[in-house]
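Here's the structure, in structure tokens; my notes come after.
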Amino acid sequence: MLTRDEAWQLLCDWTPSEKLRTHARAVELVMRDLATGLGQDVERFGLAGLLHDADYDSWPAEHPIRIVAWLRERGDEDLAHAISAHYTRWNVPYESLLDKALLASDEITGFIMACALVRPTRTEGLEPRSVKKKLKDKAFAAGVDRHEVAEGLRMLIGAVGGTEDEHLARIIGVLHEHGAELGLA
């Protein structure tokens, strides 16, 4: 089984962009927190978050084919499948909670980081209603696919319950806790 150290080394080898490595680390942290709360495998959830965009910097036209193939060669099918499904328009079925959790954590984590970066207090005092208001502003963080955010939240809430606000608050909390590491301090 893949170790976290091996995954980090691969990410660094394939991802020269510090910004994308920071995004991968943020999604890893969010996924680990979600797994903890749901009694799931924290390491597997974290690895999916860490590696979901590992091939994007070096081979954007082939994303996520390279990382999925690499994981399948190693026998890490659960990670490969979750990563192959982290964008709904790829039409890969969502078979596990890991698949749904990655979809529900990827785009929204990047979006919440963008929300924090335009605030003088960053994540301090950031509330779900503010994030939801910014989601309605199509010009803000325009690269974030709102459809993916909505589908991810819908799938995760359908699978584990809770509300959008609870999910957003949890992500904000994770990002706040690790703000210094993620450039949000």
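So you can find residues: chains in the structure tokens are A, B, ... in the order shown, residues in each start at 1, and ligands are numbered from 1 in order.
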
Env of Glu127 in chain A: 8 Å cut, atoms = only C-alpha atoms, seq-sep filter 4 positions within chain, self excluded. Answer as a PDB file with N, CA and C atoms, in the first residue's frame.
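This went into around-v1.pdb:
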ATOM      1  N   VAL A 131     -19.357  32.336   2.482  1.00  0.00           N
ATOM      2  CA  VAL A 131     -18.873  31.482   1.395  1.00  0.00           C
ATOM      3  C   VAL A 131     -19.992  31.283   0.375  1.00  0.00           C
ATOM      4  N   ALA A 169     -18.557  24.800   7.337  1.00  0.00           N
ATOM      5  CA  ALA A 169     -17.951  25.186   8.617  1.00  0.00           C
ATOM      6  C   ALA A 169     -16.806  24.249   8.987  1.00  0.00           C
ATOM      7  N   ILE A 172     -13.831  25.203   6.786  1.00  0.00           N
ATOM      8  CA  ILE A 172     -13.261  26.461   7.299  1.00  0.00           C
ATOM      9  C   ILE A 172     -12.441  26.184   8.549  1.00  0.00           C
TER      10      ILE A 172
END

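With only C-alpha atoms as the atoms that count, the residue of A:Asp165, A:Asp76, A:Asp57, A:Asp106 with the shortest distance to Ala24 in chain A is A:Asp106.
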
Study note, to complete from the structure: Counting only C-alpha atoms, closest pick from A:Phe111, A:Trp70, A:Tyr94, A:Trp8 relative to Leu50 in chain A is A:Trp8

Contacts between range 135-143 of chain A and range 43-109 of chain A, please, where a residue of range 43-109 of chain A counts if it comes within 12 Å (with only C-alpha atoms); show its shortest atom pair and distance in Å to one decimal, rows by chain and ascending number, as CSV.
residue,atom,partner,partner_atom,distance
A:Glu107,CA,A:Gly143,CA,9.5
A:Ile108,CA,A:Leu135,CA,9.5
A:Thr109,CA,A:Ala141,CA,12.0

Near Gln9 in chain A, counting only C-alpha atoms, which residues have an atom at most 12 Å away, once you skip same-chain residues fewer than 6 positions from it, shown as a PDB file with all heavy atoms, in the first residue's frame?
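Dumped to out-v3.pdb:
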ATOM      1  N   LEU A   2       0.414   2.228  -0.669  1.00  0.00           N
ATOM      2  CA  LEU A   2       1.099   3.505  -0.790  1.00  0.00           C
ATOM      3  C   LEU A   2       1.204   4.188   0.569  1.00  0.00           C
ATOM      4  O   LEU A   2       0.241   4.225   1.330  1.00  0.00           O
ATOM      5  CB  LEU A   2       0.298   4.386  -1.752  1.00  0.00           C
ATOM      6  CG  LEU A   2       0.818   5.786  -2.046  1.00  0.00           C
ATOM      7  CD1 LEU A   2       2.162   5.724  -2.761  1.00  0.00           C
ATOM      8  CD2 LEU A   2      -0.203   6.533  -2.896  1.00  0.00           C
ATOM      9  N   THR A   3       2.384   4.738   0.857  1.00  0.00           N
ATOM     10  CA  THR A   3       2.556   5.492   2.097  1.00  0.00           C
ATOM     11  C   THR A   3       2.395   6.982   1.819  1.00  0.00           C
ATOM     12  O   THR A   3       2.528   7.434   0.671  1.00  0.00           O
ATOM     13  CB  THR A   3       3.941   5.262   2.722  1.00  0.00           C
ATOM     14  OG1 THR A   3       4.940   5.859   1.870  1.00  0.00           O
ATOM     15  CG2 THR A   3       4.230   3.778   2.922  1.00  0.00           C
ATOM     16  N   THR A  15       4.621  17.878  -9.531  1.00  0.00           N
ATOM     17  CA  THR A  15       3.910  19.148  -9.364  1.00  0.00           C
ATOM     18  C   THR A  15       4.876  20.256  -8.971  1.00  0.00           C
ATOM     19  O   THR A  15       5.119  20.487  -7.776  1.00  0.00           O
ATOM     20  CB  THR A  15       2.796  18.995  -8.294  1.00  0.00           C
ATOM     21  OG1 THR A  15       1.983  17.874  -8.641  1.00  0.00           O
ATOM     22  CG2 THR A  15       1.936  20.227  -8.204  1.00  0.00           C
ATOM     23  N   PRO A  16       5.440  20.966  -9.941  1.00  0.00           N
ATOM     24  CA  PRO A  16       6.377  22.036  -9.605  1.00  0.00           C
ATOM     25  C   PRO A  16       5.710  23.253  -8.949  1.00  0.00           C
ATOM     26  O   PRO A  16       6.370  24.004  -8.241  1.00  0.00           O
ATOM     27  CB  PRO A  16       7.008  22.408 -10.945  1.00  0.00           C
ATOM     28  CG  PRO A  16       6.104  21.863 -11.987  1.00  0.00           C
ATOM     29  CD  PRO A  16       5.347  20.725 -11.380  1.00  0.00           C
ATOM     30  N   ARG A  21       0.585  22.394  -5.008  1.00  0.00           N
ATOM     31  CA  ARG A  21       0.951  21.519  -3.879  1.00  0.00           C
ATOM     32  C   ARG A  21       0.229  21.960  -2.605  1.00  0.00           C
ATOM     33  O   ARG A  21      -0.208  21.124  -1.819  1.00  0.00           O
ATOM     34  CB  ARG A  21       2.464  21.499  -3.663  1.00  0.00           C
ATOM     35  CG  ARG A  21       3.204  20.671  -4.692  1.00  0.00           C
ATOM     36  CD  ARG A  21       4.624  20.340  -4.281  1.00  0.00           C
ATOM     37  NE  ARG A  21       5.414  21.486  -3.903  1.00  0.00           N
ATOM     38  CZ  ARG A  21       6.257  22.126  -4.685  1.00  0.00           C
ATOM     39  NH1 ARG A  21       6.415  21.739  -5.948  1.00  0.00           N
ATOM     40  NH2 ARG A  21       6.951  23.141  -4.250  1.00  0.00           N
ATOM     41  N   LEU A  50      -4.456  14.283  -1.324  1.00  0.00           N
ATOM     42  CA  LEU A  50      -3.101  14.717  -1.662  1.00  0.00           C
ATOM     43  C   LEU A  50      -2.780  14.506  -3.134  1.00  0.00           C
ATOM     44  O   LEU A  50      -2.148  15.352  -3.774  1.00  0.00           O
ATOM     45  CB  LEU A  50      -2.088  13.967  -0.784  1.00  0.00           C
ATOM     46  CG  LEU A  50      -0.648  14.423  -0.874  1.00  0.00           C
ATOM     47  CD1 LEU A  50      -0.479  15.846  -0.362  1.00  0.00           C
ATOM     48  CD2 LEU A  50       0.249  13.469  -0.094  1.00  0.00           C
ATOM     49  N   LEU A  51      -3.239  13.410  -3.696  1.00  0.00           N
ATOM     50  CA  LEU A  51      -2.825  13.040  -5.055  1.00  0.00           C
ATOM     51  C   LEU A  51      -3.831  13.371  -6.157  1.00  0.00           C
ATOM     52  O   LEU A  51      -3.540  13.159  -7.336  1.00  0.00           O
ATOM     53  CB  LEU A  51      -2.517  11.533  -5.112  1.00  0.00           C
ATOM     54  CG  LEU A  51      -1.286  11.096  -4.342  1.00  0.00           C
ATOM     55  CD1 LEU A  51      -1.140   9.581  -4.405  1.00  0.00           C
ATOM     56  CD2 LEU A  51      -0.036  11.786  -4.855  1.00  0.00           C
ATOM     57  N   ALA A  54      -2.227  15.399  -8.866  1.00  0.00           N
ATOM     58  CA  ALA A  54      -0.770  15.223  -8.934  1.00  0.00           C
ATOM     59  C   ALA A  54      -0.207  15.339 -10.340  1.00  0.00           C
ATOM     60  O   ALA A  54       0.916  15.797 -10.530  1.00  0.00           O
ATOM     61  CB  ALA A  54      -0.368  13.885  -8.315  1.00  0.00           C
TER      62      ALA A  54
END

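Comparing the minimum interatomic distances between Gly161 in chain A and each of A:Leu38, A:Ala114, A:Asp33, A:Glu18, counting only C-alpha atoms, we find that A:Leu38 sits nearest.
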
Practice item. Compile the contact shell of Val149 in chain A as a PyMOL selection string: residues with an atom at most 12 Å away, counting only C-alpha atoms, same-chain residues fewer than 4 positions apart removed. Key: chain A and resi 86-88+100-112+131-132+135-136+143-145+153-156+164+167-168
